[in-house]
Amino acid sequence: MGRSRRTLPEELLLLALDPTTGTTAQPQSLDLGLAGAQLVELALAGRIAPDGDRIAVVVPRPTGDPTLDSALELLRRRGAPVRAVHWIGGPRLGLRQTYLSHLERCGMVAAVPGQMCGVLPTTRYQATDTAISREIRARLDSAIRTGVPPDPRTAALAALAHAVGLGKHLYPGNEGRSSRSRLRDLIRHDPMGGLVAHAVMDVQNGAAAQPRRTAAGRQAGGPGARSAPEPARGVPAQPRHGSMARAAVH
């Protein structure tokens, strides 16, 4: 995979980065979203494919992206398709920090050291090229505003943004309610993105141990179907995950 295009985990992280505070919105659910975004990126690269509600490796050849290839190798070692909800709900120590450090090396963000309560060392991240973040946001805005089915990458990004609760960060307040609703509806335009997004929400709802229907079955409104939660009501608490290497990255 060439490095001319940003990956979905990178784009999701840039969407979540607050340009004023240098922190990330929805930090706990964002960790789950990054793991899910890796799956979608690997699917777009033709390395994995959905198998019901499971993920199967179809081409184990490396992509050239070290972080994605690490995930691909872990999936390959499983030897059998793994449920998306189990993969996303697994420990992801340092994944957010890994991507922040990568964006820093690429010159897209700059680390700003500081202190919390005047004592604890902290690190915040400021975007160095806001045009990149604006371009990513513009793709979502266009899909929401026009109603034209977006490309699979943008549809998956929208699904993940909704799943981790970024809707209320991107489109706040009562005036953003309709945009949040349309953001949620974009989940239906990419089967893989929908599968992963529902898995992210299932983990947050503590449903990882329960059998579930595929995202396509849910979206079709079949037996057992349920609608995605409205981001404006807040993202439910998730199971505990490992703390990040730098406590200040929110």
# chains A, B, ... in the order shown; residues from 1 in each chain; ligands from 1
>>> residues_around(residues="Gly36 in chain A", least_positions_apart="3", cutoff="7 Å", atoms="only C-alpha atoms", output="list of chain:residue names")
A:Leu32, A:Gly33, A:Leu39, A:Val40, A:Ile88, A:Val196, A:Val200
>>> write_last_selection(atoms="C-alpha atoms", output="PDB file, in the first residue's frame")
ATOM      1  CA  LEU A  32     -12.154   0.903  19.636  1.00  0.00           C
ATOM      2  CA  GLY A  33     -12.818   2.926  16.506  1.00  0.00           C
ATOM      3  CA  LEU A  39     -10.125  -3.690   9.693  1.00  0.00           C
ATOM      4  CA  VAL A  40     -11.877  -1.494   7.124  1.00  0.00           C
ATOM      5  CA  ILE A  88     -12.299  -4.851  18.330  1.00  0.00           C
ATOM      6  CA  VAL A 196     -17.283  -2.846  11.972  1.00  0.00           C
ATOM      7  CA  VAL A 200     -17.704  -1.059  17.919  1.00  0.00           C
TER       8      VAL A 200
END
>>> select_by_dssp(residues="range 26-169 of chain A", states="strand (DSSP E or B)", output="list in words")
Ile48, Ala49, Pro50, Asp51, Arg54, Ile55, Ala56, Val57, Val82, Arg83, Val109, Ala110, Ala111, Val112, Pro113, Gly114, Gln115, Met116, Leu120, Pro121, Thr122, Thr123, Arg124, Tyr125, Gln126 and Ala127 of chain A
>>> write_last_selection(atoms="C-alpha atoms", output="mmCIF file, in the first residue's frame")
data_model
loop_
_atom_site.group_PDB
_atom_site.id
_atom_site.type_symbol
_atom_site.label_atom_id
_atom_site.label_comp_id
_atom_site.auth_asym_id
_atom_site.auth_seq_id
_atom_site.Cartn_x
_atom_site.Cartn_y
_atom_site.Cartn_z
ATOM 1 C CA ILE A 48 -9.410 -9.331 4.595
ATOM 2 C CA ALA A 49 -13.103 -9.824 3.880
ATOM 3 C CA PRO A 50 -16.267 -10.190 5.954
ATOM 4 C CA ASP A 51 -17.534 -13.721 6.544
ATOM 5 C CA ARG A 54 -16.523 -12.592 11.228
ATOM 6 C CA ILE A 55 -13.366 -11.341 9.554
ATOM 7 C CA ALA A 56 -11.330 -13.667 7.321
ATOM 8 C CA VAL A 57 -7.836 -13.093 5.934
ATOM 9 C CA VAL A 82 -12.596 -14.074 14.039
ATOM 10 C CA ARG A 83 -15.734 -12.252 15.123
ATOM 11 C CA VAL A 109 0.504 17.126 13.996
ATOM 12 C CA ALA A 110 2.957 18.634 16.459
ATOM 13 C CA ALA A 111 3.386 17.426 20.035
ATOM 14 C CA VAL A 112 3.048 20.205 22.627
ATOM 15 C CA PRO A 113 4.362 19.267 26.103
ATOM 16 C CA GLY A 114 2.663 20.643 29.178
ATOM 17 C CA GLN A 115 1.545 19.810 32.697
ATOM 18 C CA MET A 116 -1.694 18.659 34.270
ATOM 19 C CA LEU A 120 1.834 15.636 35.821
ATOM 20 C CA PRO A 121 3.579 15.838 32.441
ATOM 21 C CA THR A 122 1.144 15.939 29.551
ATOM 22 C CA THR A 123 1.322 15.991 25.772
ATOM 23 C CA ARG A 124 -1.233 17.611 23.520
ATOM 24 C CA TYR A 125 -1.282 17.514 19.753
ATOM 25 C CA GLN A 126 -1.940 20.404 17.390
ATOM 26 C CA ALA A 127 -2.626 19.922 13.701
#
>>> select_by_dssp(residues="range 25-238 of chain A", states="helix (DSSP H, G or I)", output="NGL selection string")
:A and (27-44 or 66-78 or 84-89 or 95-105 or 130-146 or 152-163 or 167-170 or 174-189 or 191-204 or 215-219 or 231-233)
>>> residues_around(residues="range 70-75 of chain A", least_positions_apart="3", cutoff="8 Å", atoms="only C-alpha atoms", output="PyMOL selection string")
chain A and resi 38+42+47+56-57+60+62+66-67+78-79+82
>>> atom_distance(atom1="CA of Leu140 in chain A", atom2="CA of Leu157 in chain A")
8.2 Å
